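Structure file target_21.txt (compact mmCIF, C-alpha atoms) is printed below.
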# COMPACT_ATOMS: atom_id res chain seq x y z
CA MET A 25 81.45 115.56 80.70
CA SER A 26 81.32 118.92 82.40
CA VAL A 27 84.32 120.55 84.08
CA GLU A 28 84.60 123.98 85.64
CA THR A 29 87.79 125.20 87.28
CA LYS A 30 88.58 128.49 88.96
CA VAL A 31 90.30 129.98 91.96
CA VAL A 32 87.94 131.02 94.74
CA ALA A 33 88.55 132.56 98.11
CA THR A 34 88.23 130.42 101.22
CA ARG A 35 86.17 133.16 102.82
CA GLU A 36 83.19 132.25 100.57
CA ILE A 37 83.05 128.74 102.03
CA VAL A 38 83.78 129.90 105.57
CA GLN A 39 81.11 132.63 105.38
CA LYS A 40 78.51 130.10 104.25
CA LEU A 41 79.42 127.74 107.08
CA LYS A 42 79.40 130.61 109.59
CA SER A 43 75.87 131.46 108.44
CA LEU A 44 75.02 127.85 109.42
CA ASN A 45 76.60 128.41 112.89
CA VAL A 46 79.84 126.53 112.22
CA SER A 47 82.82 128.33 113.78
CA GLU A 48 86.26 128.66 112.23
CA GLU A 49 87.69 126.95 115.33
CA VAL A 50 85.68 123.83 114.49
CA LEU A 51 86.78 123.95 110.83
CA ASP A 52 90.42 124.27 111.85
CA LYS A 53 90.31 120.80 113.42
CA TYR A 54 89.96 119.04 110.06
CA SER A 55 92.16 118.34 107.03
CA VAL A 56 89.24 117.24 104.84
CA ILE A 57 85.64 118.35 105.12
CA CYS A 58 82.87 116.62 103.12
CA LEU A 59 79.94 118.98 102.73
CA PRO A 60 76.46 119.02 101.15
CA GLU A 61 76.47 119.13 97.36
CA ASN A 62 74.48 122.37 97.21
CA LEU A 63 76.34 124.15 100.02
CA LEU A 64 77.01 127.46 98.29
CA GLU A 65 73.70 127.62 96.44
CA GLY A 66 71.34 126.30 99.10
CA THR A 67 69.84 127.75 102.25
CA ALA A 68 69.89 125.97 105.59
CA GLY A 69 66.52 124.32 104.91
CA ASP A 70 67.30 122.89 101.48
CA LEU A 71 70.82 121.48 101.80
CA LEU A 72 71.25 117.85 100.70
CA GLU A 73 73.81 115.23 101.73
CA GLY A 74 74.38 112.50 99.16
CA GLU A 75 74.91 108.87 100.11
CA HIS A 76 78.28 108.71 98.34
CA ALA A 77 79.53 111.83 100.12
CA LEU A 78 78.79 110.18 103.45
CA MET A 79 80.56 107.01 102.33
CA LEU A 80 83.60 109.04 101.25
CA ALA A 81 83.82 110.68 104.68
CA LYS A 82 83.33 107.36 106.46
CA LEU A 83 86.08 105.61 104.48
CA LEU A 84 88.49 108.51 104.93
CA LYS A 85 87.86 108.43 108.69
CA GLU A 86 88.59 104.70 108.74
CA LEU A 87 92.06 105.34 107.30
CA LYS A 88 92.92 107.35 110.43
CA GLN A 89 95.59 109.20 108.43
CA VAL A 90 93.82 112.55 108.12
CA SER A 91 91.23 114.34 110.22
CA VAL A 92 87.92 114.24 108.36
CA ALA A 93 84.51 115.76 109.00
CA HIS A 94 81.15 115.67 107.30
CA SER A 95 78.21 117.93 108.05
CA PHE A 96 77.12 115.97 111.13
CA ASP A 97 80.57 116.45 112.70
CA LEU A 98 80.13 120.19 112.21
CA GLY A 99 76.82 120.19 114.06
CA LEU A 100 74.68 120.37 110.93
CA ASP A 101 71.59 118.21 110.56
CA ILE A 102 71.38 117.77 106.79
CA PRO A 103 68.89 115.33 105.27
CA ARG A 104 70.39 112.51 103.24
CA ILE A 105 69.25 112.08 99.67
CA ASP A 106 69.12 108.55 98.31
CA ARG A 107 69.32 108.57 94.53
CA ARG A 108 68.27 105.58 92.44
CA SER A 109 70.77 105.71 89.59
CA ASP A 110 74.29 104.66 88.74
CA HIS A 111 75.53 108.23 89.18
CA LYS A 112 77.71 108.93 92.21
CA TRP A 113 77.32 112.28 93.94
CA PHE A 114 80.26 113.15 96.21
CA GLY A 115 79.12 116.64 97.13
CA VAL A 116 81.64 119.27 98.17
CA ILE A 117 85.06 117.91 99.12
CA TRP A 118 87.09 120.61 100.86
CA ILE A 119 90.72 119.55 101.18
CA ARG A 120 92.35 121.93 103.65
CA GLU A 121 95.79 120.27 103.84
CA HIS A 122 97.76 119.22 100.81
CA LEU A 123 99.01 116.06 102.53
CA ALA A 124 95.45 114.72 102.54
CA VAL A 125 95.15 114.72 98.73
CA PRO A 126 96.57 111.22 98.09
CA PHE A 127 94.18 109.75 100.67
CA VAL A 128 91.18 111.47 99.10
CA ILE A 129 92.22 110.33 95.61
CA SER A 130 92.71 106.77 96.85
CA VAL A 131 89.30 106.55 98.52
CA LEU A 132 87.54 108.27 95.61
CA SER A 133 89.24 105.84 93.27
CA SER A 134 87.99 102.84 95.24
CA LEU A 135 84.46 104.28 95.35
CA CYS A 136 84.53 104.89 91.58
CA VAL A 137 85.79 101.45 90.59
CA VAL A 138 83.59 99.89 87.97
CA GLY A 139 81.63 97.08 89.64
CA LEU A 140 80.51 93.77 88.26
CA THR A 141 76.91 93.03 87.46
CA SER A 142 75.36 90.21 89.44
CA ASP A 143 73.86 88.54 86.33
CA ASN A 144 76.77 87.61 84.10
CA ARG A 145 79.81 88.93 85.99
CA GLN A 146 80.60 91.32 83.13
CA PRO A 147 81.85 94.82 83.86
CA SER A 148 79.05 97.33 84.15
CA PRO A 149 79.23 100.54 82.11
CA PRO A 150 81.26 103.37 83.62
CA THR A 151 79.25 105.45 86.02
CA THR A 152 79.01 109.23 86.08
CA VAL A 153 80.46 111.03 89.07
CA HIS A 154 79.60 114.48 90.33
CA ALA A 155 81.85 116.41 92.71
CA GLU A 156 83.03 119.84 93.73
CA VAL A 157 86.60 119.74 94.97
CA TYR A 158 88.24 122.63 96.80
CA LEU A 159 91.97 122.38 97.50
CA GLU A 160 93.51 125.05 99.73
CA LYS A 161 96.75 126.73 98.88
CA GLY A 162 97.52 129.73 101.05
CA ASP A 163 94.60 132.15 101.04
CA ASP A 164 93.09 130.73 97.87
CA VAL A 165 91.36 127.51 96.98
CA LYS A 166 91.76 125.66 93.69
CA TYR A 167 88.37 124.44 92.56
CA ILE A 168 86.94 121.79 90.28
CA ARG A 169 83.24 121.29 89.63
CA TYR A 170 82.96 118.04 87.73
CA SER A 171 80.37 115.77 86.14
CA GLY A 172 81.68 112.93 84.02
CA ASP A 173 83.61 109.69 84.06
CA PRO A 174 85.55 108.69 87.20
CA ALA A 175 88.95 108.34 85.50
CA THR A 176 88.93 111.95 84.33
CA LEU A 177 87.94 113.23 87.78
CA LEU A 178 90.84 111.37 89.36
CA LYS A 179 93.22 112.70 86.69
CA LEU A 180 91.99 116.27 87.25
CA MET A 181 92.43 115.89 91.01
CA ASP A 182 95.97 114.64 90.51
CA GLU A 183 96.75 117.61 88.25
CA LEU A 184 95.13 119.97 90.72
CA SER A 185 97.20 118.44 93.50
CA ASN A 186 100.42 118.92 91.52
CA ASP A 187 99.47 122.55 90.74
CA ALA A 188 98.79 123.19 94.41
CA GLN A 189 102.03 121.73 95.78
CA PRO A 190 103.14 123.81 98.75
CA ASP A 191 105.81 126.35 97.86
CA ARG A 192 109.26 125.32 98.99

Output the file's structure in the form of C-alpha cells.
Amino acid sequence: MSVETKVVATREIVQKLKSLNVSEEVLDKYSVICLPENLLEGTAGDLLEGEHALMLAKLLKELKQVSVAHSFDLGLDIPRIDRRSDHKWFGVIWIREHLAVPFVISVLSSLCVVGLTSDNRQPSPPTTVHAEVYLEKGDDVKYIRYSGDPATLLKLMDELSNDAQPDR
C-alpha cells in the first residue's frame, strides 16, 4: 500500500487545465471533475484516461445529485487506456464541493466491491486501486495519492472528508 497526503494549492490544477485550454468558467460549473491519471505530470500529448475513471464519472452523472465532468466534458480529447489486470485506476478525482463527497465515496465503494469469480462463485482476491483525490477547502485542496486495497482508500476519503468539513 502506498499513501501520500499533502495540502496543495488549487492554482496548480487550474494552471495545468488552463494550459490545456480549459477555462475557469467551465471548471466552475462542476462539483466533481474526473481527470486523467497523469494530469500534473503529463503533457497534452501523453495524458491517459483510465476505464475506471470514466466509469466513475458516468455513474456519478447518473445519480444526478452533483454536477460531474470528465475530460471530454471539458473539451479535452484524451485517449482511453484499457488495462488488462485486476487493478482499478480512478485517475484524478477533484472534489470541488464538500457536499459531493458522500456521493463519490458511495460510487467508489460500489466500483471497488469484490466481485465473484465465474468459475466457483467464490470471492475473488481484493483488487488494488489507484487514485489521486483532491478535496477543496477554501483556497487549499486536501490531497491523497493512493495505491492499495479499496477499504483503506474509502476510509482515507472519509477521514479526509471529516477533516475538510466546511467551517461553521

Can you pull out every residue within 12 Å of Val50 (chain A), counting all atoms listed in the file, but drop anything in the same chain fewer than 3 positions away, and send it as a VMD selection string? chain A and resid 38 41 to 42 45 to 47 53 to 55 57 91 to 95 97 to 99

Report as CSV the residues of region 31-138 of chain A within 12 Å of region 158-175 of chain A, each with its shortest atom pair and distance in Å (one decimal), using only C-alpha atoms, ordered by chain and increasing residue number.
residue,atom,partner,partner_atom,distance
A:Val31,CA,A:Lys166,CA,4.9
A:Val32,CA,A:Val165,CA,5.4
A:Ala33,CA,A:Asp164,CA,4.9
A:Thr34,CA,A:Asp164,CA,5.9
A:Arg35,CA,A:Asp163,CA,8.7
A:Glu36,CA,A:Val165,CA,10.1
A:Ile37,CA,A:Tyr158,CA,9.6
A:Val38,CA,A:Val165,CA,11.7
A:Ser55,CA,A:Glu160,CA,10.0
A:Val56,CA,A:Leu159,CA,9.4
A:Ile57,CA,A:Tyr158,CA,9.7
A:Cys58,CA,A:Tyr158,CA,10.2
A:Leu59,CA,A:Tyr158,CA,10.8
A:Glu61,CA,A:Arg169,CA,10.5
A:Asn62,CA,A:Arg169,CA,11.6
A:Asp110,CA,A:Asp173,CA,11.6
A:His111,CA,A:Gly172,CA,9.3
A:Lys112,CA,A:Pro174,CA,9.3
A:Trp113,CA,A:Ser171,CA,9.1
A:Phe114,CA,A:Tyr170,CA,10.2
A:Gly115,CA,A:Arg169,CA,9.7
A:Val116,CA,A:Tyr158,CA,7.5
A:Ile117,CA,A:Tyr158,CA,6.1
A:Trp118,CA,A:Tyr158,CA,4.7
A:Ile119,CA,A:Leu159,CA,4.8
A:Arg120,CA,A:Glu160,CA,5.1
A:Glu121,CA,A:Glu160,CA,6.7
A:His122,CA,A:Glu160,CA,7.3
A:Leu123,CA,A:Leu159,CA,10.7
A:Ala124,CA,A:Leu159,CA,9.8
A:Val125,CA,A:Leu159,CA,8.4
A:Val128,CA,A:Leu159,CA,11.1
A:Ile129,CA,A:Ala175,CA,10.8
A:Leu132,CA,A:Pro174,CA,8.7
A:Ser133,CA,A:Pro174,CA,7.7
A:Ser134,CA,A:Pro174,CA,10.2
A:Leu135,CA,A:Pro174,CA,9.3
A:Cys136,CA,A:Pro174,CA,5.9
A:Val137,CA,A:Pro174,CA,8.0
A:Val138,CA,A:Pro174,CA,9.0

Could you save those same residues with C-alpha atoms as a PDB file, keeping the file's coordinate frame?
ATOM      1  CA  VAL A  31      90.300 129.980  91.960  1.00  0.00           C
ATOM      2  CA  VAL A  32      87.940 131.020  94.740  1.00  0.00           C
ATOM      3  CA  ALA A  33      88.550 132.560  98.110  1.00  0.00           C
ATOM      4  CA  THR A  34      88.230 130.420 101.220  1.00  0.00           C
ATOM      5  CA  ARG A  35      86.170 133.160 102.820  1.00  0.00           C
ATOM      6  CA  GLU A  36      83.190 132.250 100.570  1.00  0.00           C
ATOM      7  CA  ILE A  37      83.050 128.740 102.030  1.00  0.00           C
ATOM      8  CA  VAL A  38      83.780 129.900 105.570  1.00  0.00           C
ATOM      9  CA  SER A  55      92.160 118.340 107.030  1.00  0.00           C
ATOM     10  CA  VAL A  56      89.240 117.240 104.840  1.00  0.00           C
ATOM     11  CA  ILE A  57      85.640 118.350 105.120  1.00  0.00           C
ATOM     12  CA  CYS A  58      82.870 116.620 103.120  1.00  0.00           C
ATOM     13  CA  LEU A  59      79.940 118.980 102.730  1.00  0.00           C
ATOM     14  CA  GLU A  61      76.470 119.130  97.360  1.00  0.00           C
ATOM     15  CA  ASN A  62      74.480 122.370  97.210  1.00  0.00           C
ATOM     16  CA  ASP A 110      74.290 104.660  88.740  1.00  0.00           C
ATOM     17  CA  HIS A 111      75.530 108.230  89.180  1.00  0.00           C
ATOM     18  CA  LYS A 112      77.710 108.930  92.210  1.00  0.00           C
ATOM     19  CA  TRP A 113      77.320 112.280  93.940  1.00  0.00           C
ATOM     20  CA  PHE A 114      80.260 113.150  96.210  1.00  0.00           C
ATOM     21  CA  GLY A 115      79.120 116.640  97.130  1.00  0.00           C
ATOM     22  CA  VAL A 116      81.640 119.270  98.170  1.00  0.00           C
ATOM     23  CA  ILE A 117      85.060 117.910  99.120  1.00  0.00           C
ATOM     24  CA  TRP A 118      87.090 120.610 100.860  1.00  0.00           C
ATOM     25  CA  ILE A 119      90.720 119.550 101.180  1.00  0.00           C
ATOM     26  CA  ARG A 120      92.350 121.930 103.650  1.00  0.00           C
ATOM     27  CA  GLU A 121      95.790 120.270 103.840  1.00  0.00           C
ATOM     28  CA  HIS A 122      97.760 119.220 100.810  1.00  0.00           C
ATOM     29  CA  LEU A 123      99.010 116.060 102.530  1.00  0.00           C
ATOM     30  CA  ALA A 124      95.450 114.720 102.540  1.00  0.00           C
ATOM     31  CA  VAL A 125      95.150 114.720  98.730  1.00  0.00           C
ATOM     32  CA  VAL A 128      91.180 111.470  99.100  1.00  0.00           C
ATOM     33  CA  ILE A 129      92.220 110.330  95.610  1.00  0.00           C
ATOM     34  CA  LEU A 132      87.540 108.270  95.610  1.00  0.00           C
ATOM     35  CA  SER A 133      89.240 105.840  93.270  1.00  0.00           C
ATOM     36  CA  SER A 134      87.990 102.840  95.240  1.00  0.00           C
ATOM     37  CA  LEU A 135      84.460 104.280  95.350  1.00  0.00           C
ATOM     38  CA  CYS A 136      84.530 104.890  91.580  1.00  0.00           C
ATOM     39  CA  VAL A 137      85.790 101.450  90.590  1.00  0.00           C
ATOM     40  CA  VAL A 138      83.590  99.890  87.970  1.00  0.00           C
TER      41      VAL A 138
END

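Between CA of Glu86 (chain A) and CA of Arg107 (chain A) the separation is 24.3 Å.
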
Among the residues A:Val131, A:Leu84, A:Lys40, A:Pro126, the one that comes closest to Glu183 (chain A) [using all atoms listed in the file]: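 Under the stated criterion, the closest residue is A:Pro126.
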
Take CA of Asp106 (chain A) and CA of Gly66 (chain A) and report the distance between them in Å, one decimal.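 Calculated distance between CA of Asp106 (chain A) and CA of Gly66 (chain A) is 17.9 Å.
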
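Distances here use all atoms listed in the file; by that measure, the residue among A:Ile102, A:Ser43, A:Asn186, A:Val90 closest to Pro60 (chain A) is A:Ile102.
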
What does the distance from CA of Leu180 (chain A) to CA of Glu48 (chain A) come to in Å, to one decimal?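 Spanning CA of Leu180 (chain A) to CA of Glu48 (chain A) is a straight-line distance of 28.5 Å.
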
A:Leu51, A:Ala68, A:Leu78, A:Leu87: which is nearest Ser130 (chain A), counting all atoms listed in the file?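 Comparing A:Leu51, A:Ala68, A:Leu78, A:Leu87 against Ser130 (chain A), the winner is A:Leu87.
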